[in-house]
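Here's upload-v9.cif, which has mmCIF, C-alpha atoms:
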data_model
#
loop_
_atom_site.label_atom_id
_atom_site.label_comp_id
_atom_site.auth_asym_id
_atom_site.auth_seq_id
_atom_site.Cartn_x
_atom_site.Cartn_y
_atom_site.Cartn_z
CA MET A 1 0.00 0.00 0.00
CA LEU A 2 2.83 2.32 0.90
CA ALA A 3 4.24 1.78 -2.56
CA TYR A 4 1.48 4.04 -3.89
CA LEU A 5 2.55 6.99 -1.79
CA PRO A 6 4.55 8.52 -4.66
CA VAL A 7 1.51 8.12 -6.91
CA LEU A 8 -0.65 9.90 -4.39
CA LEU A 9 1.96 12.63 -4.07
CA PHE A 10 2.07 12.95 -7.84
CA VAL A 11 -1.71 13.31 -8.05
CA LEU A 12 -1.73 15.88 -5.26
CA VAL A 13 1.06 17.93 -6.82
CA GLY A 14 -0.72 17.77 -10.19
CA LEU A 15 -4.04 18.91 -8.73
CA GLY A 16 -2.29 21.57 -6.65
CA PHE A 17 -0.39 22.94 -9.61
CA GLY A 18 -3.58 23.30 -11.62
CA ALA A 19 -5.49 24.86 -8.74
CA VAL A 20 -2.71 27.30 -7.81
CA THR A 21 -2.01 28.54 -11.34
CA ILE A 22 -5.67 28.99 -12.25
CA GLY A 23 -6.47 30.46 -8.83
CA LEU A 24 -3.58 32.93 -8.89
CA SER A 25 -4.34 34.06 -12.43
CA THR A 26 -7.96 34.75 -11.53
CA ILE A 27 -6.92 36.72 -8.44
CA ILE A 28 -3.96 38.85 -9.50
CA VAL A 29 -4.45 39.39 -13.22
CA PRO A 30 -5.72 42.88 -14.16
CA ARG A 31 -8.90 42.80 -16.22
CA ARG A 32 -9.35 45.30 -19.02
CA GLU A 33 -11.71 43.53 -21.33
CA ASN A 34 -12.74 44.49 -24.83
CA ALA A 35 -14.45 42.73 -27.69
CA VAL A 36 -11.25 41.69 -29.46
CA LYS A 37 -9.68 40.27 -26.32
CA ASN A 38 -12.77 38.25 -25.52
CA SER A 39 -13.04 36.70 -28.96
CA ALA A 40 -11.70 33.18 -29.37
CA TYR A 41 -8.21 33.22 -30.84
CA GLU A 42 -7.68 30.85 -33.72
CA CYS A 43 -4.53 31.72 -35.67
CA GLY A 44 -5.98 34.92 -37.00
CA VAL A 45 -8.87 33.17 -38.70
CA GLU A 46 -12.31 34.43 -37.80
CA PRO A 47 -13.62 31.67 -35.50
CA VAL A 48 -17.11 31.07 -36.82
CA GLY A 49 -19.43 28.11 -36.95
CA ASN A 50 -20.39 25.32 -34.65
CA ALA A 51 -17.74 23.54 -32.64
CA ARG A 52 -19.66 20.33 -33.24
CA GLY A 53 -18.77 20.13 -36.88
CA ARG A 54 -18.47 16.72 -38.46
CA PHE A 55 -15.07 15.14 -38.84
CA SER A 56 -13.84 13.19 -41.78
CA VAL A 57 -14.16 9.45 -41.19
CA LYS A 58 -10.44 9.15 -41.94
CA PHE A 59 -9.63 10.28 -38.40
CA TYR A 60 -11.87 7.56 -37.02
CA LEU A 61 -10.18 4.89 -39.12
CA VAL A 62 -6.78 5.89 -37.75
CA ALA A 63 -8.16 5.80 -34.20
CA VAL A 64 -9.70 2.35 -34.65
CA LEU A 65 -6.54 0.92 -36.15
CA PHE A 66 -4.55 2.44 -33.33
CA ILE A 67 -6.71 0.83 -30.67
CA LEU A 68 -6.54 -2.58 -32.34
CA PHE A 69 -2.75 -2.59 -32.41
CA ASP A 70 -2.78 -1.13 -28.92
CA ILE A 71 -4.66 -4.20 -27.70
CA GLU A 72 -2.19 -6.41 -29.54
CA ALA A 73 0.65 -4.70 -27.65
CA VAL A 74 -1.20 -5.21 -24.37
CA PHE A 75 -1.25 -8.96 -25.06
CA LEU A 76 2.46 -8.91 -25.80
CA TYR A 77 3.34 -7.52 -22.41
CA PRO A 78 2.29 -10.40 -20.08
CA TRP A 79 3.62 -12.80 -22.70
CA ALA A 80 7.04 -11.20 -22.65
CA VAL A 81 7.19 -11.22 -18.85
CA SER A 82 6.24 -14.90 -18.56
CA PHE A 83 8.13 -15.98 -21.66
CA HIS A 84 10.75 -18.05 -19.83
CA GLN A 85 8.14 -20.28 -18.25
CA LEU A 86 6.17 -20.68 -21.46
CA GLY A 87 9.12 -21.65 -23.60
CA LEU A 88 8.78 -22.73 -27.22
CA TYR A 89 5.06 -23.40 -26.78
CA GLY A 90 4.54 -19.77 -25.84
CA LEU A 91 6.60 -18.59 -28.79
CA ILE A 92 4.54 -20.62 -31.27
CA GLU A 93 1.20 -19.41 -29.94
CA MET A 94 2.34 -15.80 -30.00
CA VAL A 95 3.67 -16.17 -33.55
CA LEU A 96 0.25 -17.54 -34.53
CA PHE A 97 -1.45 -14.57 -32.86
CA ILE A 98 0.82 -12.08 -34.58
CA LEU A 99 0.46 -13.82 -37.95
CA ILE A 100 -3.32 -13.52 -37.85
CA LEU A 101 -3.00 -9.83 -37.04
CA LEU A 102 -0.32 -9.48 -39.69
CA ALA A 103 -2.90 -10.64 -42.22
CA GLY A 104 -5.00 -7.70 -41.10
CA TYR A 105 -1.99 -5.42 -41.42
CA PHE A 106 -1.36 -6.49 -45.01
CA TYR A 107 -5.05 -6.03 -45.78
CA LEU A 108 -4.73 -2.52 -44.35
CA LEU A 109 -1.70 -1.81 -46.52
CA LYS A 110 -3.37 -3.24 -49.59
CA LYS A 111 -6.45 -1.10 -49.04
CA ARG A 112 -4.16 1.90 -48.41
CA ALA A 113 -6.19 2.57 -45.27
CA LEU A 114 -3.54 4.79 -43.72
CA GLU A 115 -2.99 6.94 -46.78
CA TRP A 116 -4.44 10.39 -46.59
CA GLU A 117 -6.23 10.95 -49.87
CA MET B 1 -7.14 1.56 4.95
CA VAL B 2 -8.05 -0.64 1.97
CA PRO B 3 -11.80 -0.90 2.80
CA TYR B 4 -12.05 2.90 3.04
CA LEU B 5 -10.21 3.33 -0.25
CA PHE B 6 -12.52 0.76 -1.81
CA LEU B 7 -15.56 2.65 -0.56
CA GLY B 8 -14.14 5.87 -1.95
CA PHE B 9 -13.41 4.42 -5.38
CA ALA B 10 -16.72 2.55 -5.47
CA ALA B 11 -18.68 5.68 -4.55
CA LEU B 12 -16.81 7.66 -7.21
CA LEU B 13 -17.47 4.89 -9.73
CA VAL B 14 -21.20 4.78 -9.07
CA ALA B 15 -21.52 8.57 -8.96
CA THR B 16 -19.67 9.11 -12.24
CA ALA B 17 -21.53 6.22 -13.90
CA LEU B 18 -24.79 7.90 -12.90
CA MET B 19 -23.53 11.19 -14.32
CA VAL B 20 -22.76 9.42 -17.60
CA ILE B 21 -26.40 8.53 -18.10
CA LEU B 22 -27.94 11.59 -16.46
CA HIS B 23 -25.95 14.36 -18.10
CA ARG B 24 -27.62 15.94 -21.09
CA ASN B 25 -24.46 16.78 -23.01
CA PRO B 26 -23.05 13.59 -24.57
CA VAL B 27 -19.48 14.91 -24.62
CA THR B 28 -19.63 15.61 -20.89
CA SER B 29 -21.08 12.14 -20.39
CA ALA B 30 -18.12 10.64 -22.21
CA LEU B 31 -15.70 12.56 -20.01
CA PHE B 32 -17.50 11.31 -16.91
CA LEU B 33 -17.02 7.83 -18.32
CA VAL B 34 -13.26 8.48 -18.29
CA LEU B 35 -13.48 9.28 -14.60
CA SER B 36 -15.53 6.16 -13.92
CA PHE B 37 -12.98 4.02 -15.81
CA SER B 38 -10.25 5.59 -13.72
CA SER B 39 -12.01 4.77 -10.45
CA LEU B 40 -12.46 1.21 -11.69
CA ALA B 41 -8.70 1.12 -12.28
CA GLY B 42 -8.28 2.23 -8.67
CA ILE B 43 -10.38 -0.74 -7.53
CA TYR B 44 -8.24 -3.07 -9.63
CA LEU B 45 -5.15 -1.65 -7.95
CA LEU B 46 -6.71 -2.32 -4.54
CA LEU B 47 -7.22 -5.93 -5.64
CA GLN B 48 -3.49 -6.05 -6.41
CA ALA B 49 -4.25 -6.51 -10.09
CA GLU B 50 -1.80 -3.82 -11.15
CA PHE B 51 -1.53 -4.92 -14.76
CA ILE B 52 -5.30 -4.96 -15.26
CA GLY B 53 -5.53 -1.57 -13.61
CA MET B 54 -2.97 -0.03 -15.93
CA VAL B 55 -4.55 -1.66 -18.98
CA GLN B 56 -7.88 -0.28 -17.83
CA ILE B 57 -6.42 3.22 -17.95
CA ILE B 58 -4.41 2.81 -21.15
CA VAL B 59 -6.96 0.94 -23.25
CA TYR B 60 -10.31 2.00 -21.82
CA ALA B 61 -9.79 5.47 -20.40
CA GLY B 62 -7.26 6.30 -23.12
CA ALA B 63 -8.01 4.61 -26.40
CA SER B 64 -11.66 3.54 -26.14
CA MET B 65 -12.77 6.95 -25.01
CA VAL B 66 -11.21 8.53 -28.08
CA LEU B 67 -13.42 6.27 -30.16
CA PHE B 68 -16.47 7.14 -28.08
CA LEU B 69 -15.82 10.85 -28.55
CA PHE B 70 -15.33 10.33 -32.28
CA VAL B 71 -18.66 8.51 -32.52
CA ILE B 72 -20.38 11.28 -30.58
CA MET B 73 -18.93 13.82 -33.00
CA TYR B 74 -20.02 11.75 -35.99
CA LEU B 75 -23.59 11.59 -34.81
CA ASN B 76 -23.69 15.33 -35.49
CA LEU B 77 -25.59 16.27 -32.38
CA GLN B 78 -26.50 19.81 -33.25
CA HIS B 79 -29.19 19.74 -30.61
CA ASP B 80 -28.14 17.68 -27.67
CA VAL B 81 -31.63 16.91 -26.48
CA GLU B 82 -33.75 15.24 -29.12
CA LYS B 83 -37.49 15.52 -29.33
CA GLY B 84 -40.30 13.86 -31.20
CA ALA B 85 -41.55 10.36 -31.85
CA GLN B 86 -38.04 8.91 -31.79
CA ILE B 87 -37.65 9.75 -28.13
CA ALA B 88 -40.88 7.93 -27.23
CA LEU B 89 -39.61 4.76 -28.88
CA ARG B 90 -36.27 5.11 -27.15
CA ARG B 91 -37.99 5.66 -23.82
CA GLY B 92 -40.05 2.53 -24.33
CA ILE B 93 -36.97 0.45 -25.09
CA GLY B 94 -35.24 1.98 -22.08
CA TRP B 95 -38.08 1.03 -19.75
CA MET B 96 -38.17 -2.49 -21.17
CA VAL B 97 -34.43 -3.03 -20.73
CA GLY B 98 -34.63 -1.53 -17.24
CA ALA B 99 -37.46 -3.91 -16.29
CA LEU B 100 -35.45 -6.85 -17.63
CA LEU B 101 -32.44 -5.75 -15.62
CA LEU B 102 -34.57 -5.53 -12.47
CA LEU B 103 -35.95 -8.99 -13.18
CA PHE B 104 -32.46 -10.45 -13.49
CA ALA B 105 -31.31 -8.62 -10.37
CA GLY B 106 -34.28 -10.05 -8.50
CA LEU B 107 -33.50 -13.56 -9.71
CA LEU B 108 -29.88 -13.13 -8.68
CA ALA B 109 -30.86 -11.83 -5.25
CA LYS B 110 -33.25 -14.78 -4.76
CA LYS B 111 -30.48 -17.25 -5.48
CA GLY B 112 -28.35 -15.73 -2.79
CA TRP B 113 -24.70 -14.90 -2.91
CA VAL B 114 -21.99 -17.46 -2.65
CA SER B 115 -19.58 -16.01 -0.17
CA GLY B 116 -15.96 -16.45 -1.08
CA PRO B 117 -13.19 -17.44 1.28
CA VAL B 118 -13.04 -15.03 4.19
CA ALA B 119 -9.33 -14.40 3.85
CA ALA B 120 -8.28 -13.24 0.41
CA LEU B 121 -6.46 -15.85 -1.61
CA PRO B 122 -2.75 -15.11 -1.75
CA PRO B 123 -2.23 -13.83 -5.28
CA ASP B 124 0.17 -15.84 -7.39
CA THR B 125 2.64 -13.06 -7.99
CA THR B 126 5.94 -14.82 -8.43
CA GLY B 127 7.59 -12.54 -10.91
CA GLY B 128 4.82 -9.97 -10.74
CA ASN B 129 1.22 -9.50 -11.66
CA ALA B 130 1.68 -9.42 -15.42
CA ALA B 131 3.74 -12.61 -15.36
CA ALA B 132 1.01 -14.35 -13.37
CA ILE B 133 -1.53 -13.31 -15.97
CA GLY B 134 0.78 -14.46 -18.74
CA ARG B 135 1.23 -17.90 -17.24
CA VAL B 136 -2.53 -18.48 -17.09
CA LEU B 137 -3.51 -16.67 -20.27
CA TYR B 138 -1.03 -18.44 -22.53
CA SER B 139 -1.59 -21.94 -21.16
CA ARG B 140 -5.06 -22.52 -19.76
CA PHE B 141 -6.83 -19.81 -21.72
CA LEU B 142 -4.89 -20.29 -24.91
CA PHE B 143 -7.92 -20.78 -27.14
CA PRO B 144 -9.74 -17.57 -26.08
CA PHE B 145 -6.46 -15.74 -26.56
CA GLU B 146 -6.02 -16.99 -30.11
CA ILE B 147 -9.67 -16.27 -30.86
CA THR B 148 -9.02 -12.70 -29.74
CA SER B 149 -6.68 -12.27 -32.69
CA ILE B 150 -9.52 -13.28 -35.03
CA LEU B 151 -11.76 -10.76 -33.28
CA LEU B 152 -9.17 -8.03 -33.75
CA LEU B 153 -8.76 -9.02 -37.40
CA VAL B 154 -12.51 -8.85 -37.98
CA ALA B 155 -12.63 -5.43 -36.31
CA MET B 156 -9.76 -4.23 -38.48
CA VAL B 157 -11.33 -5.41 -41.73
CA GLY B 158 -14.74 -4.11 -40.67
CA ALA B 159 -13.40 -0.66 -39.84
CA ILE B 160 -11.52 -0.43 -43.14
CA VAL B 161 -14.53 -1.58 -45.19
CA LEU B 162 -16.84 0.85 -43.41
CA ALA B 163 -14.52 3.83 -43.52
CA LYS B 164 -13.04 3.40 -46.99
CA GLY B 165 -16.35 2.35 -48.51
CA ARG B 166 -16.38 1.43 -52.15
CA PRO B 167 -13.44 2.82 -54.04
CA ALA B 168 -13.78 5.89 -56.19
CA PRO B 169 -14.80 5.18 -59.81
CA GLN B 170 -11.27 5.73 -61.13
CA GLY B 171 -9.86 3.47 -58.43
CA GLU B 172 -9.42 -0.26 -58.62
CA ALA B 173 -12.59 -2.14 -59.49
CA GLU B 174 -13.75 -4.62 -56.88
#
Whole structure, structure tokens version:
Amino acid sequence: MLAYLPVLLFVLVGLGFGAVTIGLSTIIVPRRENAVKNSAYECGVEPVGNARGRFSVKFYLVAVLFILFDIEAVFLYPWAVSFHQLGLYGLIEMVLFILILLAGYFYLLKKRALEWE
Amino acid sequence: MVPYLFLGFAALLVATALMVILHRNPVTSALFLVLSFSSLAGIYLLLQAEFIGMVQIIVYAGASMVLFLFVIMYLNLQHDVEKGAQIALRRGIGWMVGALLLLFAGLLAKKGWVSGPVAALPPDTTGGNAAAIGRVLYSRFLFPFEITSILLLVAMVGAIVLAKGRPAPQGEAE
């Protein structure tokens, strides 16, 4: 339990940092507001329109592919740690796992799913 | 110490889960879901399942939530609160599912709980939590593990087919 003390400390420092910086800036900053200052800044472009615009589905595809390979990596981790006990048997089953996913990877490349058209 | 921490995490989990379904803005709901995933990770840590806890944060709170937010954006919710006949249908389905859930909960409660061993089983952590998972996952649960790769493959192909759609006319004919 005591091993989590640094984690707790980290969380507290993180929360404290956020609270202190936001708190201080609301207290000590001078406020001279005008219309230009209050407008949303977006690289000089007039920020108009709804923030809930629709995205291109291409972003979603990248996100889905990321999560799938993320899960693959998650499976690799306990395998790598227990590899010595699993031996050759473990190696073969992981190669099988990776091969099946590799088929998906080649499909992805063939379909040019990651190319930004 | 641990029981109090459990109560804290459990209360946070239930409260944020309630906020997920009660909040009117779907984006805020999704962010509450992040918090509820995080408190679930805390409970995993209390159970000394460190690996599961970290995966919970990395995969669920990190990656899955990105997908959830994407889907919410795709649904193009110009007005967050919908009206009309659709909502009546949705309400009806909601009530039905809720009644079913209550029924199952009642059946479960009638059966009674099987109480586990009073003292927690000593976790098999020779070489750490992840190694313990690895030893079981890649021997006893080998088949589900290999099936997972098929599941991931299906998801990959499905996502590509859905997102890429049929190729443009000048593209390759399929």
Query raised in the report: Do you know which residues the PyMOL selection byres ((chain B) within 8 of (chain A)) returns on this file, as number ranges by chain?
Result: B: 55, 59, 63-64, 66-67, 70, 73-74, 76-78, 130-135, 138-139, 142, 146, 149-150, 152-153, 155-157, 159-160, 163-164
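If you look at atom CA of Leu102 of chain B and atom CA of Leu22 of chain B, they are 18.8 Å away from each other.
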Requested in this report: Pick out the residues sitting within 12 Å of Leu7 of chain B, and hand them over as a ChimeraX atom specification; count only C-alpha atoms, and ignore anything fewer than 4 positions along from it in its own chain.
Outcome: /B:1-3,11-15,39-40,42-43,46
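Interatomic distance, atom CA of Val20 of chain B to atom CA of Leu33 of chain B: 6.0 Å.
In this model, the gap between atom CA of Asn129 of chain B and atom CA of Ala61 of chain B comes to 20.5 Å.
When only C-alpha atoms are used to compute distances to Phe68 of chain B, the closest of the residues B:Ile87, B:Leu45, B:Val34, B:Val97 turns out to be B:Val34.
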May I have the centre and edge lengths, in Å to one decimal, of an axis-aligned box around the listed atoms of segment 85-103 of chain A with 4 Å added to every side, as AutoDock Vina command-line options?
--center_x 2.9 --center_y -16.4 --center_z -30.2 --size_x 20.4 --size_y 21.9 --size_z 32.0
Query raised in the report: Near Gly53 of chain B, counting all atoms listed in the file, which residues have an atom at most 7 Å away, once you skip same-chain residues fewer than 3 positions from it, shown as a VMD selection string?
Result: chain B and resid 41 to 42 44 to 45 49 to 50 56 to 57
Because the input lacks atoms here, generate N, CA, C and O atoms for segment 71-94 of chain A and report them as a tab-separated table (two decimals), in the frame of the given file.
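Saved the output as rebuild-v8.tsv:
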chain	number	residue	atom	x	y	z
A	71	ILE	N	-4.24	-2.99	-28.42
A	71	ILE	CA	-4.66	-4.20	-27.70
A	71	ILE	C	-3.67	-5.33	-27.98
A	71	ILE	O	-3.32	-6.10	-27.08
A	72	GLU	N	-3.20	-5.40	-29.21
A	72	GLU	CA	-2.19	-6.41	-29.54
A	72	GLU	C	-0.96	-6.22	-28.64
A	72	GLU	O	-0.43	-7.19	-28.07
A	73	ALA	N	-0.52	-4.98	-28.48
A	73	ALA	CA	0.65	-4.70	-27.65
A	73	ALA	C	0.40	-5.07	-26.20
A	73	ALA	O	1.29	-5.57	-25.51
A	74	VAL	N	-0.85	-4.85	-25.75
A	74	VAL	CA	-1.20	-5.21	-24.37
A	74	VAL	C	-1.04	-6.71	-24.16
A	74	VAL	O	-0.56	-7.16	-23.12
A	75	PHE	N	-1.41	-7.51	-25.18
A	75	PHE	CA	-1.25	-8.96	-25.06
A	75	PHE	C	0.23	-9.35	-25.07
A	75	PHE	O	0.60	-10.36	-24.47
A	76	LEU	N	1.05	-8.58	-25.74
A	76	LEU	CA	2.46	-8.91	-25.80
A	76	LEU	C	3.14	-8.77	-24.44
A	76	LEU	O	4.08	-9.48	-24.13
A	77	TYR	N	2.64	-7.84	-23.65
A	77	TYR	CA	3.34	-7.52	-22.41
A	77	TYR	C	3.38	-8.68	-21.41
A	77	TYR	O	4.47	-9.11	-21.01
A	78	PRO	N	2.22	-9.26	-21.02
A	78	PRO	CA	2.29	-10.40	-20.08
A	78	PRO	C	2.99	-11.60	-20.70
A	78	PRO	O	3.60	-12.40	-19.98
A	79	TRP	N	2.92	-11.70	-22.01
A	79	TRP	CA	3.62	-12.80	-22.70
A	79	TRP	C	5.13	-12.65	-22.52
A	79	TRP	O	5.83	-13.61	-22.19
A	80	ALA	N	5.60	-11.44	-22.75
A	80	ALA	CA	7.04	-11.20	-22.65
A	80	ALA	C	7.55	-11.45	-21.23
A	80	ALA	O	8.63	-12.01	-21.04
A	81	VAL	N	6.74	-11.08	-20.23
A	81	VAL	CA	7.19	-11.22	-18.85
A	81	VAL	C	7.22	-12.69	-18.42
A	81	VAL	O	8.07	-13.09	-17.65
A	82	SER	N	6.29	-13.50	-18.96
A	82	SER	CA	6.24	-14.90	-18.56
A	82	SER	C	6.85	-15.81	-19.63
A	82	SER	O	6.62	-17.01	-19.63
A	83	PHE	N	7.63	-15.22	-20.51
A	83	PHE	CA	8.13	-15.98	-21.66
A	83	PHE	C	8.99	-17.17	-21.25
A	83	PHE	O	8.89	-18.25	-21.84
A	84	HIS	N	9.82	-16.98	-20.21
A	84	HIS	CA	10.75	-18.05	-19.83
A	84	HIS	C	10.04	-19.30	-19.35
A	84	HIS	O	10.51	-20.41	-19.55
A	85	GLN	N	8.88	-19.11	-18.70
A	85	GLN	CA	8.14	-20.28	-18.25
A	85	GLN	C	7.38	-20.94	-19.40
A	85	GLN	O	7.14	-22.13	-19.38
A	86	LEU	N	6.99	-20.13	-20.39
A	86	LEU	CA	6.17	-20.68	-21.46
A	86	LEU	C	7.01	-21.43	-22.49
A	86	LEU	O	6.56	-22.41	-23.07
A	87	GLY	N	8.21	-20.94	-22.72
A	87	GLY	CA	9.12	-21.65	-23.60
A	87	GLY	C	8.69	-21.61	-25.07
A	87	GLY	O	8.03	-20.67	-25.52
A	88	LEU	N	9.03	-22.65	-25.78
A	88	LEU	CA	8.78	-22.73	-27.22
A	88	LEU	C	7.28	-22.69	-27.51
A	88	LEU	O	6.83	-22.06	-28.48
A	89	TYR	N	6.52	-23.37	-26.67
A	89	TYR	CA	5.06	-23.40	-26.78
A	89	TYR	C	4.50	-21.97	-26.82
A	89	TYR	O	3.69	-21.63	-27.69
A	90	GLY	N	4.99	-21.16	-25.90
A	90	GLY	CA	4.54	-19.77	-25.84
A	90	GLY	C	4.93	-19.02	-27.10
A	90	GLY	O	4.16	-18.22	-27.62
A	91	LEU	N	6.13	-19.29	-27.60
A	91	LEU	CA	6.60	-18.59	-28.79
A	91	LEU	C	5.70	-18.90	-29.98
A	91	LEU	O	5.28	-18.00	-30.72
A	92	ILE	N	5.36	-20.21	-30.13
A	92	ILE	CA	4.54	-20.62	-31.27
A	92	ILE	C	3.15	-19.97	-31.21
A	92	ILE	O	2.66	-19.45	-32.20
A	93	GLU	N	2.55	-19.98	-30.01
A	93	GLU	CA	1.20	-19.41	-29.94
A	93	GLU	C	1.21	-17.91	-30.20
A	93	GLU	O	0.29	-17.38	-30.82
A	94	MET	N	2.29	-17.24	-29.75
A	94	MET	CA	2.34	-15.80	-30.00
A	94	MET	C	2.60	-15.51	-31.48
A	94	MET	O	2.03	-14.57	-32.04
